[in-house]
$ cat protein04.pdb   # PDB, C-alpha atoms
ATOM      1  CA  GLY A  25      18.813 -43.234 -38.630  1.00  0.00           C
ATOM      2  CA  VAL A  26      16.003 -40.757 -38.676  1.00  0.00           C
ATOM      3  CA  LEU A  27      16.595 -39.641 -35.105  1.00  0.00           C
ATOM      4  CA  THR A  28      20.238 -38.821 -35.869  1.00  0.00           C
ATOM      5  CA  ALA A  29      19.178 -36.897 -38.978  1.00  0.00           C
ATOM      6  CA  TRP A  30      16.619 -34.848 -37.010  1.00  0.00           C
ATOM      7  CA  PHE A  31      19.163 -34.129 -34.300  1.00  0.00           C
ATOM      8  CA  THR A  32      21.678 -33.001 -36.932  1.00  0.00           C
ATOM      9  CA  LEU A  33      19.140 -30.710 -38.603  1.00  0.00           C
ATOM     10  CA  VAL A  34      18.216 -29.161 -35.252  1.00  0.00           C
ATOM     11  CA  ARG A  35      21.890 -28.552 -34.498  1.00  0.00           C
ATOM     12  CA  LEU A  36      22.247 -26.849 -37.863  1.00  0.00           C
ATOM     13  CA  ALA A  37      19.095 -24.762 -37.355  1.00  0.00           C
ATOM     14  CA  THR A  38      20.321 -23.501 -34.002  1.00  0.00           C
ATOM     15  CA  PHE A  39      23.899 -23.025 -35.268  1.00  0.00           C
ATOM     16  CA  ASP A  40      25.033 -25.363 -32.499  1.00  0.00           C
ATOM     17  CA  ASP A  41      28.437 -26.784 -33.432  1.00  0.00           C
ATOM     18  CA  TRP A  42      27.459 -26.811 -37.104  1.00  0.00           C
ATOM     19  CA  ALA A  43      31.017 -26.777 -38.393  1.00  0.00           C
ATOM     20  CA  ASP A  44      31.862 -30.043 -36.596  1.00  0.00           C
ATOM     21  CA  THR A  45      28.572 -31.532 -37.709  1.00  0.00           C
ATOM     22  CA  MET A  46      29.097 -30.701 -41.376  1.00  0.00           C
ATOM     23  CA  GLY A  47      32.826 -31.541 -41.504  1.00  0.00           C
ATOM     24  CA  PRO A  48      32.301 -35.124 -42.741  1.00  0.00           C
ATOM     25  CA  VAL A  49      29.757 -33.915 -45.347  1.00  0.00           C
ATOM     26  CA  PHE A  50      32.171 -31.286 -46.683  1.00  0.00           C
ATOM     27  CA  ALA A  51      34.932 -33.907 -46.891  1.00  0.00           C
ATOM     28  CA  ALA A  52      32.764 -36.342 -48.864  1.00  0.00           C
ATOM     29  CA  HIS A  53      30.836 -33.849 -51.039  1.00  0.00           C
ATOM     30  CA  PRO A  54      32.461 -30.412 -50.971  1.00  0.00           C
ATOM     31  CA  CYS A  55      30.265 -28.748 -53.608  1.00  0.00           C
ATOM     32  CA  TRP A  56      26.912 -30.283 -52.687  1.00  0.00           C
ATOM     33  CA  GLY A  57      27.653 -30.023 -48.994  1.00  0.00           C
ATOM     34  CA  MET A  58      28.285 -26.292 -49.305  1.00  0.00           C
ATOM     35  CA  ILE A  59      25.100 -25.821 -51.387  1.00  0.00           C
ATOM     36  CA  PHE A  60      23.064 -27.773 -48.805  1.00  0.00           C
ATOM     37  CA  VAL A  61      24.424 -25.856 -45.829  1.00  0.00           C
ATOM     38  CA  ALA A  62      24.031 -22.468 -47.526  1.00  0.00           C
ATOM     39  CA  SER A  63      20.442 -23.179 -48.592  1.00  0.00           C
ATOM     40  CA  TYR A  64      19.608 -24.697 -45.187  1.00  0.00           C
ATOM     41  CA  PHE A  65      21.008 -21.644 -43.399  1.00  0.00           C
ATOM     42  CA  LEU A  66      18.934 -19.350 -45.645  1.00  0.00           C
ATOM     43  CA  ILE A  67      15.689 -21.299 -45.309  1.00  0.00           C
ATOM     44  CA  VAL A  68      15.469 -22.646 -41.775  1.00  0.00           C
ATOM     45  CA  PRO A  69      16.677 -19.870 -39.468  1.00  0.00           C
ATOM     46  CA  PHE A  70      14.893 -17.131 -41.383  1.00  0.00           C
ATOM     47  CA  THR A  71      11.615 -18.869 -42.225  1.00  0.00           C
ATOM     48  CA  VAL A  72      10.893 -21.960 -40.154  1.00  0.00           C
ATOM     49  CA  LEU A  73      12.085 -20.693 -36.765  1.00  0.00           C
ATOM     50  CA  PRO A  74      10.132 -17.392 -37.003  1.00  0.00           C
ATOM     51  CA  LEU A  75       7.090 -19.429 -38.028  1.00  0.00           C
ATOM     52  CA  VAL A  76       7.428 -21.621 -34.939  1.00  0.00           C
ATOM     53  CA  THR A  77       7.918 -18.503 -32.804  1.00  0.00           C
ATOM     54  CA  ALA A  78       4.812 -16.904 -34.320  1.00  0.00           C
ATOM     55  CA  ILE A  79       2.719 -19.996 -33.593  1.00  0.00           C
ATOM     56  CA  LEU A  80       3.897 -20.124 -29.979  1.00  0.00           C
ATOM     57  CA  THR A  81       3.250 -16.399 -29.556  1.00  0.00           C
ATOM     58  CA  GLN A  82      -0.231 -16.735 -31.031  1.00  0.00           C
ATOM     59  CA  GLN A  83      -1.028 -19.557 -28.615  1.00  0.00           C
ATOM     60  CA  SER A  84       0.202 -17.483 -25.679  1.00  0.00           C
ATOM     61  CA  VAL A  85      -1.883 -14.480 -26.714  1.00  0.00           C
ATOM     62  CA  GLN A  86      -4.944 -16.675 -27.211  1.00  0.00           C
ATOM     63  CA  CYS A  87      -4.526 -18.191 -23.732  1.00  0.00           C
ATOM     64  CA  ALA A  88      -4.134 -14.723 -22.227  1.00  0.00           C
ATOM     65  CA  GLU A  89      -7.301 -13.511 -23.968  1.00  0.00           C
ATOM     66  CA  GLU A  90      -9.225 -16.543 -22.705  1.00  0.00           C
ATOM     67  CA  ASP A  91      -7.974 -15.852 -19.173  1.00  0.00           C
ATOM     68  CA  VAL A  92      -9.108 -12.231 -19.400  1.00  0.00           C
ATOM     69  CA  ALA A  93     -12.543 -13.341 -20.629  1.00  0.00           C
ATOM     70  CA  LYS A  94     -12.868 -15.853 -17.775  1.00  0.00           C
ATOM     71  CA  GLN A  95     -11.832 -13.235 -15.215  1.00  0.00           C
ATOM     72  CA  GLN A  96     -14.338 -10.741 -16.632  1.00  0.00           C
ATOM     73  CA  ALA A  97     -17.120 -13.341 -16.527  1.00  0.00           C
ATOM     74  CA  HIS A  98     -16.217 -14.128 -12.913  1.00  0.00           C
ATOM     75  CA  ARG A  99     -16.251 -10.407 -12.005  1.00  0.00           C
ATOM     76  CA  ASP A 100     -19.588  -9.926 -13.760  1.00  0.00           C
ATOM     77  CA  ALA A 101     -21.136 -12.877 -11.918  1.00  0.00           C
ATOM     78  CA  HIS A 102     -19.763 -11.624  -8.597  1.00  0.00           C
ATOM     79  CA  LEU A 103     -21.062  -8.104  -9.272  1.00  0.00           C
ATOM     80  CA  ALA A 104     -24.509  -9.474 -10.139  1.00  0.00           C
ATOM     81  CA  THR A 105     -24.568 -11.379  -6.843  1.00  0.00           C
ATOM     82  CA  VAL A 106     -23.454  -8.335  -4.852  1.00  0.00           C
ATOM     83  CA  LEU A 107     -26.019  -6.110  -6.571  1.00  0.00           C
ATOM     84  CA  ALA A 108     -28.803  -8.624  -5.870  1.00  0.00           C
ATOM     85  CA  GLU A 109     -27.803  -8.744  -2.187  1.00  0.00           C
ATOM     86  CA  LEU A 110     -27.628  -4.957  -2.025  1.00  0.00           C
ATOM     87  CA  GLU A 111     -31.061  -4.654  -3.602  1.00  0.00           C
ATOM     88  CA  GLN A 112     -32.485  -7.026  -0.968  1.00  0.00           C
ATOM     89  CA  ILE A 113     -30.796  -5.076   1.810  1.00  0.00           C
ATOM     90  CA  LEU A 114     -32.194  -1.780   0.526  1.00  0.00           C
ATOM     91  CA  GLU A 115     -35.690  -3.230   0.166  1.00  0.00           C
ATOM     92  CA  VAL A 116     -35.585  -4.380   3.782  1.00  0.00           C
ATOM     93  CA  ALA A 117     -34.150  -1.045   4.917  1.00  0.00           C
ATOM     94  CA  ASP A 118     -36.890   0.949   3.131  1.00  0.00           C
ATOM     95  CA  THR A 119     -39.378   0.890   5.984  1.00  0.00           C
ATOM     96  CA  GLU A 120     -41.785   3.362   4.370  1.00  0.00           C
ATOM     97  CA  GLY A 121     -41.817   1.441   1.079  1.00  0.00           C
ATOM     98  CA  ASP A 122     -41.456   4.624  -0.961  1.00  0.00           C
ATOM     99  CA  GLY A 123     -38.156   3.678  -2.610  1.00  0.00           C
ATOM    100  CA  ASP A 124     -36.155   6.283  -0.665  1.00  0.00           C
ATOM    101  CA  ILE A 125     -33.586   5.188   1.894  1.00  0.00           C
ATOM    102  CA  SER A 126     -32.522   7.499   4.679  1.00  0.00           C
ATOM    103  CA  LYS A 127     -29.611   7.287   7.075  1.00  0.00           C
ATOM    104  CA  GLN A 128     -32.126   6.484   9.753  1.00  0.00           C
ATOM    105  CA  ASP A 129     -33.365   3.519   7.695  1.00  0.00           C
ATOM    106  CA  LEU A 130     -29.784   2.204   7.537  1.00  0.00           C
ATOM    107  CA  ARG A 131     -29.315   2.735  11.281  1.00  0.00           C
ATOM    108  CA  ASN A 132     -32.620   0.974  12.020  1.00  0.00           C
ATOM    109  CA  LEU A 133     -31.617  -2.041   9.926  1.00  0.00           C
ATOM    110  CA  TRP A 134     -28.160  -2.082  11.513  1.00  0.00           C
ATOM    111  CA  ASN A 135     -29.658  -2.167  15.000  1.00  0.00           C
ATOM    112  CA  SER A 136     -32.711  -4.306  14.157  1.00  0.00           C
ATOM    113  CA  GLU A 137     -33.258  -7.437  16.196  1.00  0.00           C
ATOM    114  CA  ARG A 138     -36.117  -8.692  14.018  1.00  0.00           C
ATOM    115  CA  HIS A 139     -35.576 -12.220  12.738  1.00  0.00           C
ATOM    116  CA  SER A 140     -36.885 -11.272   9.264  1.00  0.00           C
ATOM    117  CA  HIS A 141     -34.070  -8.690   8.973  1.00  0.00           C
ATOM    118  CA  LYS A 142     -31.301 -11.103  10.023  1.00  0.00           C
ATOM    119  CA  LYS A 143     -29.901 -11.897   6.544  1.00  0.00           C
ATOM    120  CA  ALA A 144     -30.016  -8.253   5.400  1.00  0.00           C
ATOM    121  CA  ARG A 145     -28.428  -7.132   8.676  1.00  0.00           C
ATOM    122  CA  ILE A 146     -25.591  -9.656   8.338  1.00  0.00           C
ATOM    123  CA  CYS A 147     -24.933  -8.619   4.713  1.00  0.00           C
ATOM    124  CA  LEU A 148     -25.005  -4.971   5.717  1.00  0.00           C
ATOM    125  CA  ARG A 149     -22.501  -5.535   8.512  1.00  0.00           C
ATOM    126  CA  GLU A 150     -20.192  -7.441   6.150  1.00  0.00           C
ATOM    127  CA  MET A 151     -19.962  -4.294   4.034  1.00  0.00           C
ATOM    128  CA  GLY A 152     -18.341  -2.300   6.810  1.00  0.00           C
ATOM    129  CA  SER A 153     -18.984  -0.462  10.034  1.00  0.00           C
ATOM    130  CA  LEU A 154     -22.039   1.738  10.526  1.00  0.00           C
ATOM    131  CA  GLU A 155     -19.844   4.837  10.358  1.00  0.00           C
ATOM    132  CA  GLU A 156     -18.317   3.696   7.028  1.00  0.00           C
ATOM    133  CA  LEU A 157     -21.757   2.977   5.595  1.00  0.00           C
ATOM    134  CA  GLU A 158     -23.018   6.379   6.681  1.00  0.00           C
ATOM    135  CA  GLU A 159     -19.998   8.009   5.067  1.00  0.00           C
ATOM    136  CA  ILE A 160     -20.702   6.154   1.814  1.00  0.00           C
ATOM    137  CA  PHE A 161     -24.376   7.149   2.113  1.00  0.00           C
ATOM    138  CA  ASP A 162     -23.392  10.816   2.497  1.00  0.00           C
ATOM    139  CA  PHE A 163     -21.076  10.565  -0.496  1.00  0.00           C
ATOM    140  CA  LEU A 164     -23.713   8.958  -2.704  1.00  0.00           C
ATOM    141  CA  SER A 165     -26.527  11.271  -1.661  1.00  0.00           C
ATOM    142  CA  PHE A 166     -24.427  14.471  -1.832  1.00  0.00           C
ATOM    143  CA  ASN A 167     -25.820  15.564  -5.207  1.00  0.00           C
ATOM    144  CA  ASP A 168     -29.400  14.419  -4.606  1.00  0.00           C
ATOM    145  CA  PRO A 169     -31.966  17.247  -4.806  1.00  0.00           C
TER     146      PRO A 169
END
$ encode --input "protein04.pdb" --output "structure tokens"
Amino acid sequence: GVLTAWFTLVRLATFDDWADTMGPVFAAHPCWGMIFVASYFLIVPFTVLPLVTAILTQQSVQCAEEDVAKQQAHRDAHLATVLAELEQILEVADTEGDGDISKQDLRNLWNSERHSHKKARICLREMGSLEELEEIFDFLSFNDP
């Protein structure tokens, strides 16, 4: 039946026991059997199998590209959230309202007990210890005039 024919063609394409598979064909039709096997061996392994491999490779590359795009979108969304939180923290820390943040402003927010500063204080403390934040502050403000 059809299933047996497909199985036989797959065995020929993969060179799996092809001599035993084609033995009865060679016995019944030596000339045509040889022509069929020779043409099949020239067409299938060198055209169809690379085509299947190319399709599978293309699908894998496409999936990888989609994964990279999803990861980048996730990173961008996370960065936007972090930047929004940082902006809120810095606005709360800027006690003079002049747009400049000093180490003392950071220390004051860190130690603040005011209820209105609670969220900013918690976010600030999640970023690291006061000493680490001061070190980052020094690093970032090193080249400021």
$ closest_residue --input "protein04.pdb" --among "A:Thr38, A:Pro69, A:Trp30, A:Arg131" --to "Glu155 of chain A" --atoms "all atoms listed in the file"
A:Arg131
$ atom_distance --input "protein04.pdb" --atom1 "atom CA of Ala97 of chain A" --atom2 "atom CA of Met151 of chain A"
22.6 Å
$ atom_distance --input "protein04.pdb" --atom1 "atom CA of His141 of chain A" --atom2 "atom CA of Val116 of chain A"
6.9 Å
$ residues_around --input "protein04.pdb" --residues "Phe31 of chain A" --least-positions-apart "5" --cutoff "12 Å" --atoms "all atoms listed in the file" --output "ChimeraX atom specification"
/A:25-26,36-38,40-42,45
$ residues_around --input "protein04.pdb" --residues "segment 160-162 of chain A" --least-positions-apart "4" --cutoff "12 Å" --atoms "all atoms listed in the file" --output "ChimeraX atom specification"
/A:114,125-131,151-156,166-168
$ write_last_selection --input "protein04.pdb" --atoms "C-alpha atoms" --output "short mmCIF file (atom, residue, chain, number, x, y, z; two decimals), keeping the file's coordinate frame"
data_model
loop_
_atom_site.label_atom_id
_atom_site.label_comp_id
_atom_site.auth_asym_id
_atom_site.auth_seq_id
_atom_site.Cartn_x
_atom_site.Cartn_y
_atom_site.Cartn_z
CA LEU A 114 -32.19 -1.78 0.53
CA ILE A 125 -33.59 5.19 1.89
CA SER A 126 -32.52 7.50 4.68
CA LYS A 127 -29.61 7.29 7.08
CA GLN A 128 -32.13 6.48 9.75
CA ASP A 129 -33.36 3.52 7.70
CA LEU A 130 -29.78 2.20 7.54
CA ARG A 131 -29.32 2.74 11.28
CA MET A 151 -19.96 -4.29 4.03
CA GLY A 152 -18.34 -2.30 6.81
CA SER A 153 -18.98 -0.46 10.03
CA LEU A 154 -22.04 1.74 10.53
CA GLU A 155 -19.84 4.84 10.36
CA GLU A 156 -18.32 3.70 7.03
CA PHE A 166 -24.43 14.47 -1.83
CA ASN A 167 -25.82 15.56 -5.21
CA ASP A 168 -29.40 14.42 -4.61
#
$ resolve_selection --input "protein04.pdb" --expression "the PyMOL selection byres ((chain A and resi 52-68) around 12)" --output "VMD selection string"
chain A and resid 32 to 39 42 to 43 45 to 51 69 to 76
$ axis_aligned_box --input "protein04.pdb" --around "segment 157-164 of chain A" --padding-each-side "3 Å" --output "AutoDock Vina command-line options"
--center_x -22.2 --center_y 6.9 --center_z 2.0 --size_x 10.4 --size_y 13.8 --size_z 15.4
$ closest_residue --input "protein04.pdb" --among "A:Ala88, A:Leu148, A:Leu164, A:Leu80" --to "Leu110 of chain A" --atoms "all atoms listed in the file"
A:Leu148
$ atom_distance --input "protein04.pdb" --atom1 "atom CA of Ala78 of chain A" --atom2 "atom CA of Lys94 of chain A"
24.2 Å
$ build_atoms --input "protein04.pdb" --residues "segment 133-150 of chain A" --atoms "N, CA and C atoms" --output "compact mmCIF listing (two decimals), keeping the file's coordinate frame"
# COMPACT_ATOMS: atom_id res chain seq x y z
N LEU A 133 -31.94 -0.68 10.36
CA LEU A 133 -31.62 -2.04 9.93
C LEU A 133 -30.39 -2.55 10.65
N TRP A 134 -29.40 -1.69 10.82
CA TRP A 134 -28.16 -2.08 11.51
C TRP A 134 -28.47 -2.57 12.93
N ASN A 135 -29.35 -1.86 13.60
CA ASN A 135 -29.66 -2.17 15.00
C ASN A 135 -30.86 -3.10 15.17
N SER A 136 -31.49 -3.50 14.09
CA SER A 136 -32.71 -4.31 14.16
C SER A 136 -32.43 -5.68 14.77
N GLU A 137 -33.34 -6.11 15.59
CA GLU A 137 -33.26 -7.44 16.20
C GLU A 137 -34.30 -8.38 15.60
N ARG A 138 -35.06 -7.88 14.63
CA ARG A 138 -36.12 -8.69 14.02
C ARG A 138 -35.50 -9.85 13.25
N HIS A 139 -36.08 -11.02 13.40
CA HIS A 139 -35.58 -12.22 12.74
C HIS A 139 -35.68 -12.09 11.21
N SER A 140 -36.70 -11.43 10.71
CA SER A 140 -36.88 -11.27 9.26
C SER A 140 -35.81 -10.37 8.64
N HIS A 141 -35.13 -9.59 9.45
CA HIS A 141 -34.07 -8.69 8.97
C HIS A 141 -32.67 -9.29 9.13
N LYS A 142 -32.60 -10.52 9.66
CA LYS A 142 -31.30 -11.10 10.02
C LYS A 142 -30.35 -11.18 8.83
N LYS A 143 -30.79 -11.74 7.70
CA LYS A 143 -29.90 -11.90 6.54
C LYS A 143 -29.44 -10.54 6.02
N ALA A 144 -30.37 -9.59 5.88
CA ALA A 144 -30.02 -8.25 5.40
C ALA A 144 -29.06 -7.57 6.37
N ARG A 145 -29.29 -7.75 7.66
CA ARG A 145 -28.43 -7.13 8.68
C ARG A 145 -27.01 -7.71 8.59
N ILE A 146 -26.92 -9.02 8.43
CA ILE A 146 -25.59 -9.66 8.34
C ILE A 146 -24.86 -9.16 7.09
N CYS A 147 -25.56 -9.12 5.95
CA CYS A 147 -24.93 -8.62 4.71
C CYS A 147 -24.49 -7.17 4.86
N LEU A 148 -25.33 -6.38 5.50
CA LEU A 148 -25.00 -4.97 5.72
C LEU A 148 -23.75 -4.83 6.58
N ARG A 149 -23.66 -5.62 7.61
CA ARG A 149 -22.50 -5.54 8.51
C ARG A 149 -21.23 -6.05 7.85
N GLU A 150 -21.37 -6.95 6.88
CA GLU A 150 -20.19 -7.44 6.15
C GLU A 150 -19.61 -6.37 5.24
